[in-house]
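The data block below is upload03.pdb; it holds PDB, C-alpha atoms and all ligand atoms.
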ATOM      1  CA  MET A   1     -23.475  25.437 -16.264
ATOM      2  CA  THR A   2     -23.287  22.699 -13.649
ATOM      3  CA  THR A   3     -19.783  22.533 -12.275
ATOM      4  CA  PHE A   4     -18.240  19.550 -10.512
ATOM      5  CA  LEU A   5     -14.982  18.156  -9.200
ATOM      6  CA  ASP A   6     -13.991  14.648 -10.254
ATOM      7  CA  SER A   7     -12.671  13.257  -6.974
ATOM      8  CA  HIS A   8     -11.328  10.002  -8.454
ATOM      9  CA  ALA A   9      -9.906   9.557 -11.953
ATOM     10  CA  HIS A  10      -7.162   7.189 -13.116
ATOM     11  CA  LEU A  11      -5.677   9.578 -15.637
ATOM     12  CA  SER A  12      -2.303   7.827 -15.370
ATOM     13  CA  ASP A  13      -3.890   4.793 -16.985
ATOM     14  CA  PRO A  14      -2.485   3.839 -20.403
ATOM     15  CA  ALA A  15      -6.056   4.195 -21.744
ATOM     16  CA  PHE A  16      -5.328   7.940 -21.857
ATOM     17  CA  ASP A  17      -1.842   7.777 -23.377
ATOM     18  CA  THR A  18      -2.895   9.138 -26.747
ATOM     19  CA  ASP A  19      -5.110  12.031 -25.646
ATOM     20  CA  ARG A  20      -4.610  12.740 -21.921
ATOM     21  CA  ASP A  21      -4.402  16.519 -22.244
ATOM     22  CA  ALA A  22      -7.457  16.603 -24.539
ATOM     23  CA  VAL A  23      -9.408  14.580 -21.956
ATOM     24  CA  ILE A  24      -8.503  17.154 -19.318
ATOM     25  CA  GLU A  25      -9.620  19.990 -21.583
ATOM     26  CA  ASN A  26     -12.892  18.145 -22.324
ATOM     27  CA  ALA A  27     -13.498  17.968 -18.581
ATOM     28  CA  ARG A  28     -12.886  21.676 -18.164
ATOM     29  CA  ALA A  29     -15.266  22.452 -21.036
ATOM     30  CA  ALA A  30     -17.917  20.201 -19.448
ATOM     31  CA  GLY A  31     -17.808  22.115 -16.163
ATOM     32  CA  ALA A  32     -15.065  20.433 -14.157
ATOM     33  CA  VAL A  33     -13.333  22.692 -11.639
ATOM     34  CA  GLY A  34     -10.714  20.064 -10.909
ATOM     35  CA  ILE A  35      -9.696  16.411 -11.051
ATOM     36  CA  VAL A  36      -8.036  14.245  -8.414
ATOM     37  CA  CYS A  37      -5.771  11.860 -10.321
ATOM     38  CA  ILE A  38      -5.419   8.629  -8.381
ATOM     39  CA  GLY A  39      -2.105   6.851  -7.973
ATOM     40  CA  GLU A  40      -3.183   3.247  -7.431
ATOM     41  CA  SER A  41       0.452   2.126  -7.410
ATOM     42  CA  ILE A  42       3.775   3.829  -6.771
ATOM     43  CA  ALA A  43       4.431   3.980 -10.521
ATOM     44  CA  ALA A  44       0.967   5.413 -11.203
ATOM     45  CA  GLY A  45       1.506   7.909  -8.378
ATOM     46  CA  GLU A  46       4.721   9.090 -10.038
ATOM     47  CA  ARG A  47       2.906   9.559 -13.352
ATOM     48  CA  ALA A  48       0.043  11.307 -11.563
ATOM     49  CA  ALA A  49       2.501  13.655  -9.852
ATOM     50  CA  ALA A  50       3.979  14.611 -13.219
ATOM     51  CA  LEU A  51       0.537  15.184 -14.701
ATOM     52  CA  ALA A  52      -0.546  17.322 -11.753
ATOM     53  CA  GLY A  53       2.644  19.327 -12.182
ATOM     54  CA  ARG A  54       1.624  20.159 -15.745
ATOM     55  CA  HIS A  55      -1.944  21.147 -14.736
ATOM     56  CA  ARG A  56      -1.422  22.988 -11.451
ATOM     57  CA  GLY A  57      -4.597  24.202  -9.795
ATOM     58  CA  PHE A  58      -6.740  21.823 -11.855
ATOM     59  CA  VAL A  59      -5.275  18.331 -11.426
ATOM     60  CA  TRP A  60      -4.091  16.991  -8.057
ATOM     61  CA  PHE A  61      -2.657  13.567  -7.298
ATOM     62  CA  THR A  62      -2.664  10.796  -4.726
ATOM     63  CA  ALA A  63      -0.369   7.834  -4.145
ATOM     64  CA  GLY A  64      -0.860   4.435  -2.572
ATOM     65  CA  VAL A  65      -1.079   0.724  -3.256
ATOM     66  CA  HIS A  66      -4.374  -0.803  -4.409
ATOM     67  CA  PRO A  67      -5.710  -3.872  -2.566
ATOM     68  CA  HIS A  68      -5.316  -5.912  -5.765
ATOM     69  CA  ASP A  69      -1.543  -5.467  -5.390
ATOM     70  CA  ALA A  70      -1.394  -5.794  -1.618
ATOM     71  CA  ALA A  71       0.552  -9.083  -1.824
ATOM     72  CA  GLU A  72       3.493  -7.124  -3.239
ATOM     73  CA  PHE A  73       3.206  -4.310  -0.682
ATOM     74  CA  ASP A  74       6.535  -3.885   1.052
ATOM     75  CA  GLU A  75       6.239  -1.394   3.909
ATOM     76  CA  PRO A  76       9.880  -0.199   4.010
ATOM     77  CA  ARG A  77      10.035   0.304   0.247
ATOM     78  CA  ASP A  78       6.469   1.375  -0.573
ATOM     79  CA  GLY A  79       5.944   3.314   2.652
ATOM     80  CA  ALA A  80       9.047   5.358   1.832
ATOM     81  CA  ALA A  81       7.769   5.978  -1.707
ATOM     82  CA  ILE A  82       4.336   7.048  -0.440
ATOM     83  CA  ARG A  83       5.938   9.423   2.097
ATOM     84  CA  ASP A  84       8.175  10.837  -0.626
ATOM     85  CA  LEU A  85       5.205  11.472  -2.918
ATOM     86  CA  ALA A  86       3.370  13.090  -0.003
ATOM     87  CA  MET A  87       6.292  15.464   0.517
ATOM     88  CA  ARG A  88       6.034  16.285  -3.184
ATOM     89  CA  GLY A  89       2.400  17.279  -2.866
ATOM     90  CA  SER A  90       0.109  14.262  -3.020
ATOM     91  CA  VAL A  91      -3.235  15.287  -1.527
ATOM     92  CA  ALA A  92      -4.181  11.859  -0.171
ATOM     93  CA  ILE A  93      -2.914   8.369   0.597
ATOM     94  CA  GLY A  94      -4.428   5.734  -1.687
ATOM     95  CA  GLU A  95      -6.183   4.310  -3.258
ATOM     96  CA  CYS A  96      -5.885   1.537  -0.777
ATOM     97  CA  GLY A  97      -8.432  -0.700   0.927
ATOM     98  CA  LEU A  98      -9.973  -4.147   0.725
ATOM     99  CA  ASP A  99     -11.412  -6.058  -2.235
ATOM    100  CA  TYR A 100     -12.761  -9.475  -1.285
ATOM    101  CA  HIS A 101     -14.706  -9.746  -4.553
ATOM    102  CA  TYR A 102     -11.661 -10.311  -6.750
ATOM    103  CA  ASP A 103      -9.306 -11.486  -3.985
ATOM    104  CA  HIS A 104      -6.311 -10.742  -6.221
ATOM    105  CA  SER A 105      -4.227 -10.623  -3.042
ATOM    106  CA  PRO A 106      -4.733 -12.780   0.081
ATOM    107  CA  ARG A 107      -7.062 -11.029   2.518
ATOM    108  CA  VAL A 108      -4.543 -10.986   5.342
ATOM    109  CA  MET A 109      -2.095  -9.194   3.036
ATOM    110  CA  GLN A 110      -4.823  -6.739   1.996
ATOM    111  CA  ARG A 111      -5.517  -5.871   5.617
ATOM    112  CA  ARG A 112      -1.821  -5.491   6.353
ATOM    113  CA  ALA A 113      -1.230  -3.123   3.394
ATOM    114  CA  PHE A 114      -4.374  -1.123   4.212
ATOM    115  CA  ALA A 115      -3.431  -0.794   7.884
ATOM    116  CA  ALA A 116       0.066   0.356   6.950
ATOM    117  CA  GLN A 117      -1.336   3.054   4.651
ATOM    118  CA  LEU A 118      -3.840   4.206   7.277
ATOM    119  CA  ALA A 119      -0.890   4.549   9.661
ATOM    120  CA  ILE A 120       0.995   6.662   7.114
ATOM    121  CA  ALA A 121      -2.090   8.857   6.673
ATOM    122  CA  ARG A 122      -2.213   9.371  10.416
ATOM    123  CA  GLU A 123       1.498  10.127  10.608
ATOM    124  CA  LEU A 124       1.366  12.630   7.722
ATOM    125  CA  ASP A 125      -2.100  14.026   8.520
ATOM    126  CA  ARG A 126      -3.389  13.205   5.034
ATOM    127  CA  PRO A 127      -6.831  11.941   4.016
ATOM    128  CA  VAL A 128      -7.217   8.421   2.626
ATOM    129  CA  VAL A 129      -8.917   7.247  -0.575
ATOM    130  CA  VAL A 130     -10.439   3.861   0.145
ATOM    131  CA  HIS A 131     -11.615   1.135  -2.206
ATOM    132  CA  THR A 132     -13.898  -1.436  -0.623
ATOM    133  CA  ARG A 133     -15.802  -4.288  -2.212
ATOM    134  CA  GLU A 134     -17.482  -7.194  -0.444
ATOM    135  CA  ALA A 135     -15.343  -6.511   2.600
ATOM    136  CA  GLU A 136     -17.812  -4.603   4.737
ATOM    137  CA  ASP A 137     -17.027  -5.920   8.222
ATOM    138  CA  ASP A 138     -13.270  -5.472   7.961
ATOM    139  CA  THR A 139     -13.614  -2.100   6.193
ATOM    140  CA  ARG A 140     -15.995  -0.858   8.871
ATOM    141  CA  ALA A 141     -13.693  -1.947  11.683
ATOM    142  CA  MET A 142     -10.606  -0.379  10.130
ATOM    143  CA  VAL A 143     -12.333   2.883   9.135
ATOM    144  CA  VAL A 144     -13.900   3.282  12.582
ATOM    145  CA  GLU A 145     -10.514   2.702  14.209
ATOM    146  CA  ALA A 146      -8.852   5.186  11.839
ATOM    147  CA  GLY A 147     -11.603   7.727  12.456
ATOM    148  CA  ALA A 148     -11.043   7.455  16.197
ATOM    149  CA  ALA A 149      -7.389   8.325  15.510
ATOM    150  CA  ALA A 150      -8.543  11.464  13.606
ATOM    151  CA  VAL A 151      -7.801   9.971  10.172
ATOM    152  CA  ARG A 152     -10.312  11.115   7.555
ATOM    153  CA  GLY A 153     -11.022   9.766   4.117
ATOM    154  CA  VAL A 154     -13.516   8.747   1.494
ATOM    155  CA  LEU A 155     -15.114   5.447   0.579
ATOM    156  CA  HIS A 156     -14.876   5.816  -3.186
ATOM    157  CA  CYS A 157     -17.206   4.363  -5.823
ATOM    158  CA  PHE A 158     -19.580   3.398  -3.057
ATOM    159  CA  THR A 159     -21.724   0.305  -3.666
ATOM    160  CA  GLY A 160     -22.005  -0.907  -0.089
ATOM    161  CA  THR A 161     -24.809  -1.066   2.415
ATOM    162  CA  ALA A 162     -26.430   1.768   4.344
ATOM    163  CA  GLY A 163     -24.803   0.344   7.465
ATOM    164  CA  LEU A 164     -21.286   0.734   6.093
ATOM    165  CA  ALA A 165     -22.013   4.259   4.848
ATOM    166  CA  GLU A 166     -23.429   5.246   8.237
ATOM    167  CA  ALA A 167     -20.410   3.850  10.081
ATOM    168  CA  ALA A 168     -18.023   5.755   7.817
ATOM    169  CA  LEU A 169     -20.029   8.975   8.153
ATOM    170  CA  ALA A 170     -20.062   8.604  11.942
ATOM    171  CA  ALA A 171     -16.268   8.267  11.787
ATOM    172  CA  GLY A 172     -16.117  11.650  10.030
ATOM    173  CA  TRP A 173     -15.572  10.183   6.560
ATOM    174  CA  TYR A 174     -17.013  11.018   3.130
ATOM    175  CA  VAL A 175     -18.851   8.836   0.606
ATOM    176  CA  SER A 176     -18.326   9.109  -3.159
ATOM    177  CA  PHE A 177     -20.574   7.902  -5.971
ATOM    178  CA  SER A 178     -19.553   6.991  -9.514
ATOM    179  CA  GLY A 179     -21.356   6.319 -12.786
ATOM    180  CA  ILE A 180     -22.600   3.025 -11.321
ATOM    181  CA  VAL A 181     -25.550   5.031  -9.957
ATOM    182  CA  THR A 182     -26.796   5.441 -13.539
ATOM    183  CA  PHE A 183     -26.782   1.702 -14.303
ATOM    184  CA  LYS A 184     -30.007  -0.308 -14.478
ATOM    185  CA  THR A 185     -28.547  -2.615 -11.827
ATOM    186  CA  TRP A 186     -28.466   0.245  -9.285
ATOM    187  CA  GLY A 187     -31.585  -0.408  -7.242
ATOM    188  CA  GLY A 188     -33.781   1.384  -4.771
ATOM    189  CA  ASP A 189     -31.532   0.406  -1.855
ATOM    190  CA  GLY A 190     -28.739   2.263  -3.590
ATOM    191  CA  ASP A 191     -30.907   5.346  -3.915
ATOM    192  CA  ASP A 192     -31.593   5.166  -0.178
ATOM    193  CA  VAL A 193     -27.843   5.236   0.451
ATOM    194  CA  ILE A 194     -27.461   8.236  -1.890
ATOM    195  CA  ARG A 195     -30.104  10.032   0.183
ATOM    196  CA  LEU A 196     -28.659   9.213   3.582
ATOM    197  CA  VAL A 197     -25.322  10.954   2.994
ATOM    198  CA  PRO A 198     -25.361  14.520   4.358
ATOM    199  CA  ALA A 199     -24.838  17.231   1.725
ATOM    200  CA  ASP A 200     -21.505  18.184   3.266
ATOM    201  CA  ARG A 201     -20.081  14.606   3.099
ATOM    202  CA  LEU A 202     -20.945  13.697  -0.464
ATOM    203  CA  LEU A 203     -18.445  13.396  -3.334
ATOM    204  CA  VAL A 204     -18.758  12.428  -6.990
ATOM    205  CA  GLU A 205     -16.208  10.780  -9.245
ATOM    206  CA  SER A 206     -15.641   9.231 -12.637
ATOM    207  CA  ASP A 207     -13.329   6.324 -11.644
ATOM    208  CA  SER A 208     -12.305   6.706 -15.285
ATOM    209  CA  PRO A 209     -11.316   4.949 -17.488
ATOM    210  CA  TYR A 210     -13.801   2.502 -15.887
ATOM    211  CA  LEU A 211     -17.553   2.707 -15.220
ATOM    212  CA  ALA A 212     -18.740   5.190 -17.835
ATOM    213  CA  PRO A 213     -22.211   6.397 -16.879
ATOM    214  CA  VAL A 214     -25.278   5.763 -19.020
ATOM    215  CA  PRO A 215     -25.638   6.541 -21.947
ATOM    216  CA  ASN A 216     -21.899   6.001 -22.419
ATOM    217  CA  ARG A 217     -21.730   2.713 -20.529
ATOM    218  CA  GLY A 218     -19.099   0.368 -21.961
ATOM    219  CA  ARG A 219     -17.017   3.144 -23.496
ATOM    220  CA  ARG A 220     -13.778   4.476 -22.059
ATOM    221  CA  ASN A 221     -14.912   6.756 -19.276
ATOM    222  CA  GLU A 222     -13.609  10.278 -18.809
ATOM    223  CA  PRO A 223     -13.985  13.000 -16.179
ATOM    224  CA  ALA A 224     -16.278  15.138 -18.383
ATOM    225  CA  TRP A 225     -19.036  12.567 -17.920
ATOM    226  CA  VAL A 226     -19.203  13.109 -14.160
ATOM    227  CA  SER A 227     -21.898  15.616 -15.145
ATOM    228  CA  LEU A 228     -24.177  12.613 -15.845
ATOM    229  CA  THR A 229     -23.513  11.213 -12.381
ATOM    230  CA  VAL A 230     -24.155  14.606 -10.803
ATOM    231  CA  ALA A 231     -27.499  14.768 -12.620
ATOM    232  CA  ARG A 232     -28.524  11.326 -11.384
ATOM    233  CA  VAL A 233     -27.444  11.909  -7.753
ATOM    234  CA  ALA A 234     -29.171  15.302  -7.756
ATOM    235  CA  ALA A 235     -32.390  13.775  -9.097
ATOM    236  CA  VAL A 236     -32.375  11.088  -6.395
ATOM    237  CA  ARG A 237     -31.825  13.699  -3.696
ATOM    238  CA  GLY A 238     -34.373  16.099  -5.193
ATOM    239  CA  VAL A 239     -31.929  18.975  -5.554
ATOM    240  CA  ASP A 240     -30.708  21.092  -8.411
ATOM    241  CA  PRO A 241     -27.670  19.611 -10.257
ATOM    242  CA  SER A 242     -25.805  22.910 -10.068
ATOM    243  CA  THR A 243     -26.307  22.997  -6.290
ATOM    244  CA  LEU A 244     -25.115  19.413  -5.935
ATOM    245  CA  GLY A 245     -22.140  20.039  -8.215
ATOM    246  CA  ALA A 246     -21.056  23.045  -6.157
ATOM    247  CA  GLU A 247     -21.572  21.254  -2.832
ATOM    248  CA  THR A 248     -19.621  18.163  -3.858
ATOM    249  CA  SER A 249     -16.804  20.342  -5.225
ATOM    250  CA  ARG A 250     -16.562  22.199  -1.919
ATOM    251  CA  ASN A 251     -16.557  18.883  -0.060
ATOM    252  CA  ALA A 252     -13.709  17.516  -2.163
ATOM    253  CA  ALA A 253     -11.774  20.742  -1.707
ATOM    254  CA  ARG A 254     -12.256  20.520   2.081
ATOM    255  CA  LEU A 255     -11.315  16.839   2.341
ATOM    256  CA  PHE A 256      -8.231  17.057   0.111
ATOM    257  CA  GLY A 257      -7.206  20.611   1.004
ATOM    258  CA  LEU A 258      -7.521  21.907  -2.569
ATOM    259  CA  SER A 259      -7.765  25.534  -3.544
ATOM    260  CA  ILE A 260      -9.998  25.698  -6.568
ATOM    261  CA  SER A 261      -9.075  28.589  -8.775
ATOM    262  CA  ARG A 262     -11.936  28.519 -11.243
ATOM    263  CA  GLU A 263     -14.223  31.484 -10.666
ATOM    264  CA  ASN A 264     -17.566  29.802 -11.292
ATOM    265  CA  HIS A 265     -17.165  26.925  -8.874
ATOM    266  CA  SER A 266     -19.886  28.012  -6.490
TER
HETATM  267 ZN    ZN B 301     -11.348   1.581  -6.570
HETATM  268 ZN    ZN B 302      -9.808   3.862  -8.389
END

What does the file become when written as structure tokens?
Ligand SMILES: [Zn+2]
Ligand SMILES: [Zn+2]
Amino acid sequence: MTTFLDSHAHLSDPAFDTDRDAVIENARAAGAVGIVCIGESIAAGERAAALAGRHRGFVWFTAGVHPHDAAEFDEPRDGAAIRDLAMRGSVAIGECGLDYHYDHSPRVMQRRAFAAQLAIARELDRPVVVHTREAEDDTRAMVVEAGAAAVRGVLHCFTGTAGLAEAALAAGWYVSFSGIVTFKTWGGDGDDVIRLVPADRLLVESDSPYLAPVPNRGRRNEPAWVSLTVARVAAVRGVDPSTLGAETSRNAARLFGLSISRENHS
């Protein structure tokens, strides 16, 4: 069986309120060796921490403030909450970053909240989970600066240019692909980006409940379906899915400092 690690799932989302534990078991049955549950807000981080506590060794959690909510980011209050969740075992800061597509928060506020969370990552020596959309120049500048300060992280759900991926890789960062790579709209340029990422810097993710891969597009996504993304990324790279699944699991474990207990993970 192809195994994989879902490096980015929003299992705290209300979309999973009725069957969260069943979704986790489905993932395990489909070959998952673990799931990183993303806290995209302080409240979501708290829920993610509780979930991880109930599924130790299989679910881990992160905590941060999403760029959509950057206008409400309050460094004394939210920084303290992020540090507290880190002390309680969060494996990364985030997701945080820049989203100039939706612009739900003013860009200057997005940069301020992102910079503050990068500083916390540096202070606590934690990796960062970064969301970036239509904000390439500012993302590149901030990731390169963070990389120079020994901060590491991942550009999640990557849909950017080869240039942004290369800059992040040069800064020591990782690049993660979601079910978007199975969509008809994913073009040849995207495949080139999939191929340029070294095998030891590549991650895969569901970004569930969003972005269900084909043939489940439009449905509520779940971590089990990362297997479809693994198959697509492996095909583009011309490698065996089981090899790619094992490599990306090891990469996630290295980046986030996870010890994967499942025997058949490699
Ligand atoms: Zn995101
Ligand atoms: Zn996310």

Non-local contacts of range 94-104 of chain A (10 Å; only C-alpha atoms; under 5 positions in same chain excluded) as number ranges by chain
A: 8, 38-42, 45, 61-71, 82, 109-118, 121, 127-136, 138-139, 142-143, 153-156

Check your understanding: Where does the PyMOL selection byres (((chain A and resi 177) around 12) and not hetatm) land in this file, that is, which residues does it pick, as a ChimeraX atom specification?
Key -> /A:6-8,131,154-160,165,174-176,178-182,186,190-191,193-195,197,201-207,211,213,226,228-234,248

List as a PDB file with C-alpha atoms, in the coordinates of the input the protein and nucleic acid residues near Leu11 in chain A, meaning an atom at most 10 Å away when all atoms listed in the file are counted, but skip any in the same chain fewer than 2 places from it.
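Wrote part-v2.pdb, looks like this:
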ATOM      1  CA  HIS A   8     -11.328  10.002  -8.454  1.00  0.00           C
ATOM      2  CA  ALA A   9      -9.906   9.557 -11.953  1.00  0.00           C
ATOM      3  CA  ASP A  13      -3.890   4.793 -16.985  1.00  0.00           C
ATOM      4  CA  PRO A  14      -2.485   3.839 -20.403  1.00  0.00           C
ATOM      5  CA  ALA A  15      -6.056   4.195 -21.744  1.00  0.00           C
ATOM      6  CA  PHE A  16      -5.328   7.940 -21.857  1.00  0.00           C
ATOM      7  CA  ASP A  17      -1.842   7.777 -23.377  1.00  0.00           C
ATOM      8  CA  ARG A  20      -4.610  12.740 -21.921  1.00  0.00           C
ATOM      9  CA  ASP A  21      -4.402  16.519 -22.244  1.00  0.00           C
ATOM     10  CA  VAL A  23      -9.408  14.580 -21.956  1.00  0.00           C
ATOM     11  CA  ILE A  24      -8.503  17.154 -19.318  1.00  0.00           C
ATOM     12  CA  ILE A  35      -9.696  16.411 -11.051  1.00  0.00           C
ATOM     13  CA  VAL A  36      -8.036  14.245  -8.414  1.00  0.00           C
ATOM     14  CA  CYS A  37      -5.771  11.860 -10.321  1.00  0.00           C
ATOM     15  CA  ILE A  38      -5.419   8.629  -8.381  1.00  0.00           C
ATOM     16  CA  GLY A  39      -2.105   6.851  -7.973  1.00  0.00           C
ATOM     17  CA  ALA A  44       0.967   5.413 -11.203  1.00  0.00           C
ATOM     18  CA  ARG A  47       2.906   9.559 -13.352  1.00  0.00           C
ATOM     19  CA  ALA A  48       0.043  11.307 -11.563  1.00  0.00           C
ATOM     20  CA  LEU A  51       0.537  15.184 -14.701  1.00  0.00           C
ATOM     21  CA  VAL A  59      -5.275  18.331 -11.426  1.00  0.00           C
ATOM     22  CA  PHE A  61      -2.657  13.567  -7.298  1.00  0.00           C
ATOM     23  CA  ASP A 207     -13.329   6.324 -11.644  1.00  0.00           C
ATOM     24  CA  SER A 208     -12.305   6.706 -15.285  1.00  0.00           C
ATOM     25  CA  PRO A 209     -11.316   4.949 -17.488  1.00  0.00           C
ATOM     26  CA  GLU A 222     -13.609  10.278 -18.809  1.00  0.00           C
ATOM     27  CA  PRO A 223     -13.985  13.000 -16.179  1.00  0.00           C
TER      28      PRO A 223
END

As a check of understanding: the span from CA of Val239 in chain A to CA of Asp192 in chain A is 14.8 Å

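Minimum atom-to-atom distances from A:Ser105, A:Thr2, A:Ser90, A:Ser12 to ligand ZN 302 (chain B) were compared using only C-alpha atoms and all ligand atoms, and the lowest value belongs to A:Ser12.
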
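Taking CA of Ala149 in chain A and CA of Glu75 in chain A as endpoints, the distance between them is 20.4 Å.
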
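Using all atoms listed in the file, the shortest contact distance between ligand ZN 301 (chain B) and any of A:Phe73, A:Phe58, A:Phe256, A:Tyr210 is found at A:Tyr210.
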
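Taking CA of Ala43 in chain A and CA of Trp225 in chain A as endpoints, the distance between them is 26.1 Å.
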
Any chance you could work out the residue set of the PyMOL selection byres (((chain A and resi 259-261) around 12) and not hetatm) here, as number ranges by chain? A: 3-5, 32-36, 55-60, 91, 246, 249-258, 262-266

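With only C-alpha atoms and all ligand atoms as the basis for measurement, A:His10 is the residue among A:Gly79, A:Val151, A:Leu85, A:His10 that approaches ligand ZN 302 (chain B) most closely.
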
Can you pull out every residue within 12 Å of Met87 in chain A, counting only C-alpha atoms, but drop anything in the same chain fewer than 5 positions away, and send it as a PDB file with C-alpha atoms, in the frame of the given file?
ATOM      1  CA  ALA A  49       2.501  13.655  -9.852  1.00  0.00           C
ATOM      2  CA  THR A  62      -2.664  10.796  -4.726  1.00  0.00           C
ATOM      3  CA  ALA A  63      -0.369   7.834  -4.145  1.00  0.00           C
ATOM      4  CA  ALA A  80       9.047   5.358   1.832  1.00  0.00           C
ATOM      5  CA  ALA A  81       7.769   5.978  -1.707  1.00  0.00           C
ATOM      6  CA  ILE A  82       4.336   7.048  -0.440  1.00  0.00           C
ATOM      7  CA  ALA A  92      -4.181  11.859  -0.171  1.00  0.00           C
ATOM      8  CA  ILE A  93      -2.914   8.369   0.597  1.00  0.00           C
ATOM      9  CA  LEU A 124       1.366  12.630   7.722  1.00  0.00           C
ATOM     10  CA  ASP A 125      -2.100  14.026   8.520  1.00  0.00           C
ATOM     11  CA  ARG A 126      -3.389  13.205   5.034  1.00  0.00           C
TER      12      ARG A 126
END
